[in-house]
$ cat start_6.cif   # mmCIF, C-alpha atoms
data_query
loop_
_atom_site.label_atom_id
_atom_site.label_comp_id
_atom_site.auth_asym_id
_atom_site.auth_seq_id
_atom_site.Cartn_x
_atom_site.Cartn_y
_atom_site.Cartn_z
CA MET A 366 3.77 27.08 31.93
CA THR A 367 4.39 23.92 29.95
CA ASN A 368 7.69 22.12 29.87
CA PRO A 369 8.82 21.91 26.22
CA GLU A 370 10.20 18.58 25.08
CA PRO A 371 13.92 18.54 24.32
CA ALA A 372 14.92 18.53 20.67
CA PRO A 373 15.70 15.11 19.24
CA ASP A 374 19.35 14.24 18.74
CA PRO A 375 20.13 14.18 14.98
CA GLY A 376 23.14 11.89 15.47
CA LEU A 377 21.02 9.21 17.09
CA GLU A 378 18.38 9.60 14.38
CA ARG A 379 21.08 8.97 11.76
CA GLU A 380 22.24 5.93 13.71
CA ARG A 381 18.68 4.60 13.84
CA ARG A 382 18.29 4.97 10.08
CA GLY A 383 21.68 3.32 9.57
CA LEU A 384 20.60 0.32 11.64
CA THR A 385 17.06 -0.12 10.36
CA ARG A 386 17.85 0.22 6.64
CA PRO A 387 19.80 -3.07 6.39
CA ALA A 388 17.41 -4.70 8.87
CA LYS A 389 14.64 -4.39 6.29
CA TRP A 390 16.60 -6.51 3.81
CA PHE A 391 17.45 -9.09 6.44
CA TRP A 392 13.73 -9.36 7.28
CA ILE A 393 12.94 -9.93 3.58
CA VAL A 394 15.63 -12.60 3.12
CA ALA A 395 14.67 -14.36 6.36
CA GLY A 396 10.98 -14.28 5.47
CA ALA A 397 11.61 -15.69 2.00
CA LEU A 398 13.80 -18.51 3.29
CA GLU A 399 11.37 -19.37 6.08
CA LEU A 400 8.36 -19.28 3.78
CA VAL A 401 9.91 -21.50 1.12
CA GLY A 402 11.30 -23.84 3.78
CA TRP A 403 7.99 -24.29 5.55
CA VAL A 404 6.05 -24.71 2.30
CA LEU A 405 8.46 -27.43 1.18
CA PHE A 406 8.31 -29.10 4.58
CA VAL A 407 4.52 -29.12 4.80
CA LEU A 408 3.57 -29.87 1.20
CA THR A 409 6.17 -32.45 0.19
CA SER A 410 7.61 -35.72 1.41
CA GLY A 411 11.02 -37.28 1.06
CA TRP A 412 14.12 -35.24 0.28
CA PRO A 413 12.24 -32.00 -0.62
CA SER A 414 10.85 -32.04 2.92
CA VAL A 415 14.39 -32.31 4.29
CA LEU A 416 15.41 -29.43 2.01
CA GLY A 417 12.56 -27.42 3.49
CA ILE A 418 13.83 -28.04 7.01
CA ALA A 419 17.32 -26.98 5.92
CA LEU A 420 16.01 -23.78 4.31
CA ALA A 421 13.97 -22.94 7.39
CA GLY A 422 17.07 -23.50 9.52
CA LEU A 423 19.15 -21.27 7.25
CA GLY A 424 16.47 -18.61 7.52
CA LEU A 425 17.05 -18.35 11.25
CA ALA A 426 20.44 -16.63 10.85
CA PRO A 427 19.15 -13.56 8.96
CA LEU A 428 16.12 -13.55 11.24
CA VAL A 429 18.31 -13.16 14.34
CA VAL A 430 20.38 -10.43 12.62
CA ALA A 431 17.22 -8.58 11.57
CA LEU A 432 15.82 -8.79 15.09
CA ALA A 433 19.06 -7.48 16.61
CA LEU A 434 19.31 -4.59 14.13
CA SER A 435 15.66 -3.66 14.64
CA ALA A 436 16.01 -3.73 18.42
CA SER A 437 19.16 -1.58 18.25
CA GLY A 438 17.37 0.85 15.97
CA ALA A 439 14.47 1.04 18.40
CA VAL A 440 16.85 1.83 21.27
CA ALA A 441 18.53 4.54 19.18
CA TRP A 442 15.12 6.00 18.28
CA TRP A 443 14.06 6.05 21.93
CA SER A 444 17.37 7.60 23.02
CA ALA A 445 17.04 10.29 20.34
CA ARG A 446 13.89 11.43 22.13
CA ARG A 447 16.08 11.96 25.23
CA LYS A 448 13.85 9.91 27.48
CA PRO A 449 15.22 7.20 29.78
CA LEU A 450 14.41 3.59 28.92
CA ALA A 451 13.60 2.59 32.46
#

$ encode --input "start_6.cif" --output "structure tokens"
Amino acid sequence: MTNPEPAPDPGLERERRGLTRPAKWFWIVAGALELVGWVLFVLTSGWPSVLGIALAGLGLAPLVVALALSASGAVAWWSARRKPLA
């Protein structure tokens, strides 16, 4: 006799979707800022290079937020499967 898997928790699935939906936009904003910043830094000299460093630095904030939201969404997804993390 096989042991059936427990049904996923719909509340945690909703929470996962609620966390990962805005994370996608933070990833896009962070990627755009980082890309433009690094291109300016590598391909130019003088003040545009400094602007590139500033843009890359500003891109770190949405990157950290996107990483945190994605990690929280992954934990909610795993918990919805009703399996322990450790």

$ residues_around --input "start_6.cif" --residues "Ala436 of chain A" --least-positions-apart "6" --cutoff "12 Å" --atoms "only C-alpha atoms" --output "list in words"
Arg381, Leu384, Thr385, Ala388, Val429, Val430, Trp442 and Trp443 of chain A

$ residues_around --input "start_6.cif" --residues "segment 412-428 of chain A" --least-positions-apart "5" --cutoff "6 Å" --atoms "only C-alpha atoms" --output "MDAnalysis selection string"
chainID A and resid 391 395 398:399 402:403 405:406

$ atom_distance --input "start_6.cif" --atom1 "atom CA of Ile393 of chain A" --atom2 "atom CA of Ser410 of chain A"
26.4 Å

$ residues_near_point --input "start_6.cif" --point "(20.9, 14.3, 17.9)" --cutoff "12 Å" --atoms "all atoms listed in the file" --output "PyMOL selection string"
chain A and resi 371-381+441-447

$ atom_distance --input "start_6.cif" --atom1 "atom CA of Leu434 of chain A" --atom2 "atom CA of Val394 of chain A"
14.1 Å

$ atom_distance --input "start_6.cif" --atom1 "atom CA of Ala433 of chain A" --atom2 "atom CA of Val404 of chain A"
25.9 Å

$ build_atoms --input "start_6.cif" --residues "segment 426-439 of chain A" --atoms "N, CA and C atoms" --output "tab-separated table (two decimals), in the coordinates of the input"
chain	number	residue	atom	x	y	z
A	426	ALA	N	19.28	-17.53	10.70
A	426	ALA	CA	20.44	-16.63	10.85
A	426	ALA	C	20.08	-15.18	10.46
A	427	PRO	N	19.52	-14.94	9.26
A	427	PRO	CA	19.15	-13.56	8.96
A	427	PRO	C	18.00	-13.05	9.84
A	428	LEU	N	17.19	-13.96	10.34
A	428	LEU	CA	16.12	-13.55	11.24
A	428	LEU	C	16.68	-12.98	12.54
A	429	VAL	N	17.69	-13.64	13.09
A	429	VAL	CA	18.31	-13.16	14.34
A	429	VAL	C	19.02	-11.82	14.09
A	430	VAL	N	19.70	-11.69	12.95
A	430	VAL	CA	20.38	-10.43	12.62
A	430	VAL	C	19.36	-9.31	12.46
A	431	ALA	N	18.25	-9.59	11.77
A	431	ALA	CA	17.22	-8.58	11.57
A	431	ALA	C	16.61	-8.15	12.90
A	432	LEU	N	16.38	-9.10	13.78
A	432	LEU	CA	15.82	-8.79	15.09
A	432	LEU	C	16.78	-7.92	15.90
A	433	ALA	N	18.07	-8.26	15.87
A	433	ALA	CA	19.06	-7.48	16.61
A	433	ALA	C	19.18	-6.06	16.06
A	434	LEU	N	19.21	-5.92	14.73
A	434	LEU	CA	19.31	-4.59	14.13
A	434	LEU	C	18.06	-3.76	14.41
A	435	SER	N	16.90	-4.39	14.35
A	435	SER	CA	15.66	-3.66	14.64
A	435	SER	C	15.59	-3.23	16.09
A	436	ALA	N	16.02	-4.09	16.99
A	436	ALA	CA	16.01	-3.73	18.42
A	436	ALA	C	17.01	-2.61	18.69
A	437	SER	N	18.18	-2.65	18.08
A	437	SER	CA	19.16	-1.58	18.25
A	437	SER	C	18.65	-0.27	17.68
A	438	GLY	N	17.97	-0.35	16.55
A	438	GLY	CA	17.37	0.85	15.97
A	438	GLY	C	16.28	1.43	16.85
A	439	ALA	N	15.51	0.56	17.50
A	439	ALA	CA	14.47	1.04	18.40
A	439	ALA	C	15.07	1.73	19.62
